[in-house]
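Contents: one structure, followed by commentary.
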There are 2 protein chains.
Amino acid sequence: MEKQVSIIKYKNGKKEKKLDKVAEEVPLTIFLNGEELITLLCTPEYLEDLAVGFLVAEGILVPEVNLKVQVQHEKGLIWVEAEKVSKLGKASFGKRMVTTGCGKGTSLFQYHGRGKIAHNLMEISIEKLFSSLKEMHAVSNLYLSTGGVHSAALSDTEGNMLVFREDVGRHNAADKILGYCIRHELQLMDKIFLTSGRVSSEIVGKVAQMGVPVLVSRAAPTSMAIKLAEELGLTVVGFMRGGRANIYTHVDRIR
Amino acid sequence: MEKQVSIIKYKNGKKEKKLDKVAEEVPLTIFLNGEELITLLCTPEYLEDLAVGFLVAEGILVPEVNLKVQVQHEKGLIWVEAEKVSKLGKASFGKRMVTTGCGKGTSLFQYHGRGKIAHNLMEISIEKLFSSLKEMHAVSNLYLSTGGVHSAALSDTEGNMLVFREDVGRHNAADKILGYCIRHELQLMDKIFLTSGRVSSEIVGKVAQMGVPVLVSRAAPTSMAIKLAEELGLTVVGFMRGGRANIYTHVDRIR
């Protein structure tokens, strides 16, 4: 997932020719039932998970375990065959998930039928969140060698890391985790989603769409991310670093 | 551009209720000649520049100074009226700018007719790049108070900062600068584009589309960003911090 490139390194007023490592980024074009849908730019691993996770997160596909997925790595093409394509999801796709309302201004994201996340299904200690996030950063090898990717991970309430992904796109890393969970039938209603990136409304939307109740980041959330998380019943913890953390929404899940 | 929110602050094993500032994120729905095109999620300032910059960067509009733009801030709606809409650009929009080729795998971005950036039009000293990037970070007030945004700026070869923008999306910050330059007829062929974010192929594409010859970041580029910059004649400098920098492409513009 790395590529070696020849660079000019500048240091102490001197230029020097050197070899350096950068994160690999490739285009992946997704075909759904034979029709070209979109080209994503991503790190070239776990492409089947990425395609499935993306289609479900965008509301185009309903989660199915036995989707037919075929990938041609060298050409950057992937074919997904599915019966349960949402016409509404496909029609609104490309306009993102936000709809403009009438009179009352702008309504928030549409959630393809998923309701608010249930509140009494899990609890987690803040210490476990700290150790999970620390573990995620410790295993972020591609980040450590290139600095050019974001990490995402899924943990359980005991602090065990179940899935870990790195990608040049922080949304891709989330989609790869979602796709993995769908294809391996992993239950998500008592899990924790960890990310190295900032928490925008789109990431909140994806995690809520997955049904994961807790989202943790070392970075900052936006105003709309907080508003959306409040509405959807998602616990958001940000700025988790150096023994500190900010809990923005639904604090009752944090012991 | 900030919102105050009520949070639970965790520190030294204690939870405390506090007020905190987060970056504002709002949806902005763009209508082109009366037709709904897309909803962006952005920081709610310079929305006219954002819409114009986005449409040109995506290859849907040809740069025009006197575009009719009308914005309704409270509803998050913006109308752009233009005569020179590219049918090709609009058709490929939503599939991003990458096209899949036949036989030879995947071709790179399409550049809407703009050729390679001319090579002999400017030169800049690396000291000026260091001071410009330092200045950009120093004036990033929204970042300093919320941690939730990216910065972008445009400087000249003397190190003067001409335009500066912050946004929850790093692509939006770039589009706001592009839109400003189009609407104010600013020449770009001897300018420097600075960003706080990672350098993906999409950012390289946007900057090359603007015709700006030098792109500087304190963060990392990806493999495809470097390949694309090499092809398009763009100088990419990354990891510029602490007196060090990596020059990835077209070093001859750097003195």
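Labels used: A, B, ... for chains in the order of the structure tokens, numbers from 1 for residues in each chain, and numbers from 1 for ligands as shown.
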**Item:** Contact residues around B:Glu135 with only C-alpha atoms at 10 Å, ignoring same-chain residues under 4 positions, as JSON, numbers by chain
**Value:** {"B": [129, 130, 131, 139, 140, 153, 159, 160, 161]}
Serialized selection, N, CA and C atoms, as a PDB file, in the first residue's frame:
```pdb
ATOM      1  N   LEU B 129       8.236  30.350   0.920  1.00  0.00           N
ATOM      2  CA  LEU B 129       7.199  29.336   1.130  1.00  0.00           C
ATOM      3  C   LEU B 129       7.039  29.029   2.616  1.00  0.00           C
ATOM      4  N   PHE B 130       8.171  28.902   3.317  1.00  0.00           N
ATOM      5  CA  PHE B 130       8.102  28.658   4.759  1.00  0.00           C
ATOM      6  C   PHE B 130       7.357  29.793   5.465  1.00  0.00           C
ATOM      7  N   SER B 131       7.689  31.031   5.122  1.00  0.00           N
ATOM      8  CA  SER B 131       7.062  32.160   5.830  1.00  0.00           C
ATOM      9  C   SER B 131       5.579  32.285   5.466  1.00  0.00           C
ATOM     10  N   VAL B 139      -2.904  32.905  11.124  1.00  0.00           N
ATOM     11  CA  VAL B 139      -4.190  33.606  11.005  1.00  0.00           C
ATOM     12  C   VAL B 139      -5.389  32.641  10.961  1.00  0.00           C
ATOM     13  N   SER B 140      -5.149  31.352  11.182  1.00  0.00           N
ATOM     14  CA  SER B 140      -6.229  30.357  11.126  1.00  0.00           C
ATOM     15  C   SER B 140      -7.026  30.374  12.428  1.00  0.00           C
ATOM     16  N   ALA B 153      -4.847  29.032   1.354  1.00  0.00           N
ATOM     17  CA  ALA B 153      -4.495  30.420   1.060  1.00  0.00           C
ATOM     18  C   ALA B 153      -3.812  30.514  -0.290  1.00  0.00           C
ATOM     19  N   GLY B 159       5.651  36.512  -1.043  1.00  0.00           N
ATOM     20  CA  GLY B 159       5.220  36.031   0.260  1.00  0.00           C
ATOM     21  C   GLY B 159       4.001  36.766   0.806  1.00  0.00           C
ATOM     22  N   ASN B 160       3.361  37.606  -0.010  1.00  0.00           N
ATOM     23  CA  ASN B 160       2.133  38.296   0.442  1.00  0.00           C
ATOM     24  C   ASN B 160       0.932  37.369   0.332  1.00  0.00           C
ATOM     25  N   MET B 161       0.155  37.285   1.402  1.00  0.00           N
ATOM     26  CA  MET B 161      -1.053  36.461   1.356  1.00  0.00           C
ATOM     27  C   MET B 161      -2.192  37.264   0.717  1.00  0.00           C
TER      28      MET B 161
END
```
**Request:** Compute the set of chain A residues within 7 Å of chain B, using only C-alpha atoms, and express it as number ranges by chain.
**Result:** A: 3, 7-12, 22-26, 37-39, 74-76, 94-96, 98, 105-106, 147-148, 198, 220-224, 243-248
**Request:** Would you work out the distance separating atom CA of A:Ser155 from atom CA of A:Asp190, expressed in Å to one decimal?
**Result:**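 Those two atoms sit 9.2 Å apart.
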**Item:** Between atom CA of A:Leu178 and atom CA of A:Arg253 - distance in Å to one decimal
**Value:**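 A separation of 21.8 Å between them.
In this model, the gap between atom CA of A:Gln70 and atom CA of A:Thr195 comes to 28.2 Å.
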**Message:** Neighbouring residues of A:Leu194 were defined as those with any atom within 7 Å, considering only C-alpha atoms; residues of the same chain fewer than 2 positions away were excluded. Please report them as a PyMOL selection string.
**Reply:** chain A and resi 133+152-154+192+215-217
Using N, CA, C and O atoms, can you export the residues from the last selection as a compact mmCIF listing (two decimals), in the first residue's frame?
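Heads up, here's the output in result_38.txt:
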```txt
# COMPACT_ATOMS: atom_id res chain seq x y z
N LEU A 133 -8.29 3.66 21.41
CA LEU A 133 -7.80 4.68 20.47
C LEU A 133 -6.27 4.63 20.41
O LEU A 133 -5.68 4.76 19.33
N ALA A 152 -9.31 3.93 10.77
CA ALA A 152 -10.61 3.71 11.42
C ALA A 152 -10.60 2.30 11.98
O ALA A 152 -9.91 1.42 11.47
N ALA A 153 -11.34 2.09 13.06
CA ALA A 153 -11.37 0.77 13.67
C ALA A 153 -12.70 0.54 14.37
O ALA A 153 -13.45 1.49 14.64
N LEU A 154 -12.98 -0.72 14.60
CA LEU A 154 -14.16 -1.11 15.33
C LEU A 154 -13.72 -1.93 16.54
O LEU A 154 -12.94 -2.87 16.40
N ILE A 192 -17.92 0.03 19.12
CA ILE A 192 -17.39 1.39 19.15
C ILE A 192 -16.64 1.65 17.84
O ILE A 192 -15.82 0.84 17.41
N LEU A 215 -19.04 6.80 18.81
CA LEU A 215 -18.05 7.28 17.84
C LEU A 215 -16.99 8.07 18.59
O LEU A 215 -17.30 9.00 19.32
N VAL A 216 -15.73 7.66 18.41
CA VAL A 216 -14.61 8.28 19.14
C VAL A 216 -13.56 8.80 18.17
O VAL A 216 -13.22 8.13 17.20
N SER A 217 -13.04 9.99 18.45
CA SER A 217 -12.00 10.57 17.60
C SER A 217 -11.01 11.36 18.43
O SER A 217 -11.35 11.87 19.49
```
**Message:** I'd like the contact shell of stretch 62-65 of chain B - 9 Å cut-off, only C-alpha atoms, skipping same-chain residues fewer than 4 positions apart - returned as a list in words.
**Reply:**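 Counting only the stated atoms, we get Val52, Gly53, Leu55, Val56, Ala82, Lys84, Val85, Ser86, Gly179, Ile182, Arg183, His184 and Glu185 of chain B.
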For the selection you just gave me, I'd like the residues written to a file as a short mmCIF file (atom, residue, chain, number, x, y, z; two decimals), in the first residue's frame, keeping all heavy atoms.
```cif
data_model
loop_
_atom_site.label_atom_id
_atom_site.label_comp_id
_atom_site.auth_asym_id
_atom_site.auth_seq_id
_atom_site.Cartn_x
_atom_site.Cartn_y
_atom_site.Cartn_z
N VAL B 52 -19.35 29.20 -7.22
CA VAL B 52 -18.68 29.46 -8.50
C VAL B 52 -17.40 28.61 -8.61
O VAL B 52 -17.16 27.95 -9.63
CB VAL B 52 -18.35 30.97 -8.65
CG1 VAL B 52 -17.46 31.21 -9.86
CG2 VAL B 52 -19.64 31.77 -8.76
N GLY B 53 -16.61 28.59 -7.55
CA GLY B 53 -15.36 27.80 -7.56
C GLY B 53 -15.64 26.33 -7.76
O GLY B 53 -14.98 25.65 -8.55
N LEU B 55 -18.24 24.88 -9.24
CA LEU B 55 -18.74 24.60 -10.59
C LEU B 55 -17.62 24.65 -11.63
O LEU B 55 -17.58 23.84 -12.55
CB LEU B 55 -19.86 25.59 -10.96
CG LEU B 55 -21.16 25.40 -10.17
CD1 LEU B 55 -22.11 26.58 -10.41
CD2 LEU B 55 -21.85 24.10 -10.53
N VAL B 56 -16.69 25.58 -11.44
CA VAL B 56 -15.57 25.66 -12.39
C VAL B 56 -14.58 24.52 -12.15
O VAL B 56 -14.13 23.86 -13.10
CB VAL B 56 -14.86 27.03 -12.28
CG1 VAL B 56 -13.57 27.04 -13.11
CG2 VAL B 56 -15.80 28.15 -12.73
N ALA B 82 -25.89 30.84 -15.59
CA ALA B 82 -24.72 30.91 -16.46
C ALA B 82 -25.11 30.47 -17.86
O ALA B 82 -25.98 29.63 -18.05
CB ALA B 82 -23.63 29.99 -15.92
N LYS B 84 -22.52 29.61 -20.17
CA LYS B 84 -21.50 28.68 -20.66
C LYS B 84 -21.42 27.40 -19.82
O LYS B 84 -20.42 27.13 -19.16
CB LYS B 84 -20.14 29.37 -20.69
CG LYS B 84 -20.09 30.56 -21.64
CD LYS B 84 -18.71 31.21 -21.57
CE LYS B 84 -18.70 32.53 -22.32
NZ LYS B 84 -17.55 33.37 -21.98
N VAL B 85 -22.48 26.61 -19.82
CA VAL B 85 -22.47 25.34 -19.09
C VAL B 85 -21.90 24.26 -20.01
O VAL B 85 -22.31 24.12 -21.16
CB VAL B 85 -23.89 24.95 -18.64
CG1 VAL B 85 -23.89 23.57 -18.00
CG2 VAL B 85 -24.45 25.98 -17.67
N SER B 86 -20.92 23.50 -19.50
CA SER B 86 -20.33 22.42 -20.29
C SER B 86 -21.20 21.17 -20.17
O SER B 86 -21.39 20.63 -19.08
CB SER B 86 -18.92 22.13 -19.77
OG SER B 86 -18.58 20.79 -20.04
N GLY B 179 -13.16 30.46 -6.56
CA GLY B 179 -14.31 31.30 -6.88
C GLY B 179 -14.00 32.78 -6.70
O GLY B 179 -14.36 33.61 -7.53
N ILE B 182 -11.86 33.98 -9.65
CA ILE B 182 -12.63 34.14 -10.88
C ILE B 182 -13.46 35.42 -10.81
O ILE B 182 -13.46 36.22 -11.75
CB ILE B 182 -13.56 32.93 -11.09
CG1 ILE B 182 -12.72 31.68 -11.41
CG2 ILE B 182 -14.57 33.20 -12.20
CD1 ILE B 182 -13.50 30.38 -11.29
N ARG B 183 -14.13 35.63 -9.70
CA ARG B 183 -15.03 36.78 -9.57
C ARG B 183 -14.28 38.11 -9.47
O ARG B 183 -14.84 39.16 -9.71
CB ARG B 183 -15.97 36.58 -8.39
CG ARG B 183 -16.86 35.33 -8.59
CD ARG B 183 -17.73 35.04 -7.40
NE ARG B 183 -18.85 35.93 -7.32
CZ ARG B 183 -19.30 36.47 -6.19
NH1 ARG B 183 -18.71 36.20 -5.05
NH2 ARG B 183 -20.34 37.28 -6.21
N HIS B 184 -13.00 38.05 -9.09
CA HIS B 184 -12.20 39.27 -8.99
C HIS B 184 -11.10 39.33 -10.05
O HIS B 184 -10.18 40.15 -9.95
CB HIS B 184 -11.60 39.39 -7.59
CG HIS B 184 -12.63 39.61 -6.53
ND1 HIS B 184 -13.38 38.57 -6.01
CD2 HIS B 184 -13.08 40.74 -5.93
CE1 HIS B 184 -14.23 39.07 -5.11
NE2 HIS B 184 -14.07 40.37 -5.04
N GLU B 185 -11.18 38.43 -11.02
CA GLU B 185 -10.22 38.41 -12.14
C GLU B 185 -8.76 38.43 -11.69
O GLU B 185 -7.94 39.18 -12.24
CB GLU B 185 -10.49 39.59 -13.08
CG GLU B 185 -11.82 39.47 -13.80
CD GLU B 185 -11.98 40.56 -14.86
OE1 GLU B 185 -11.53 40.33 -15.99
OE2 GLU B 185 -12.56 41.61 -14.55
#
```
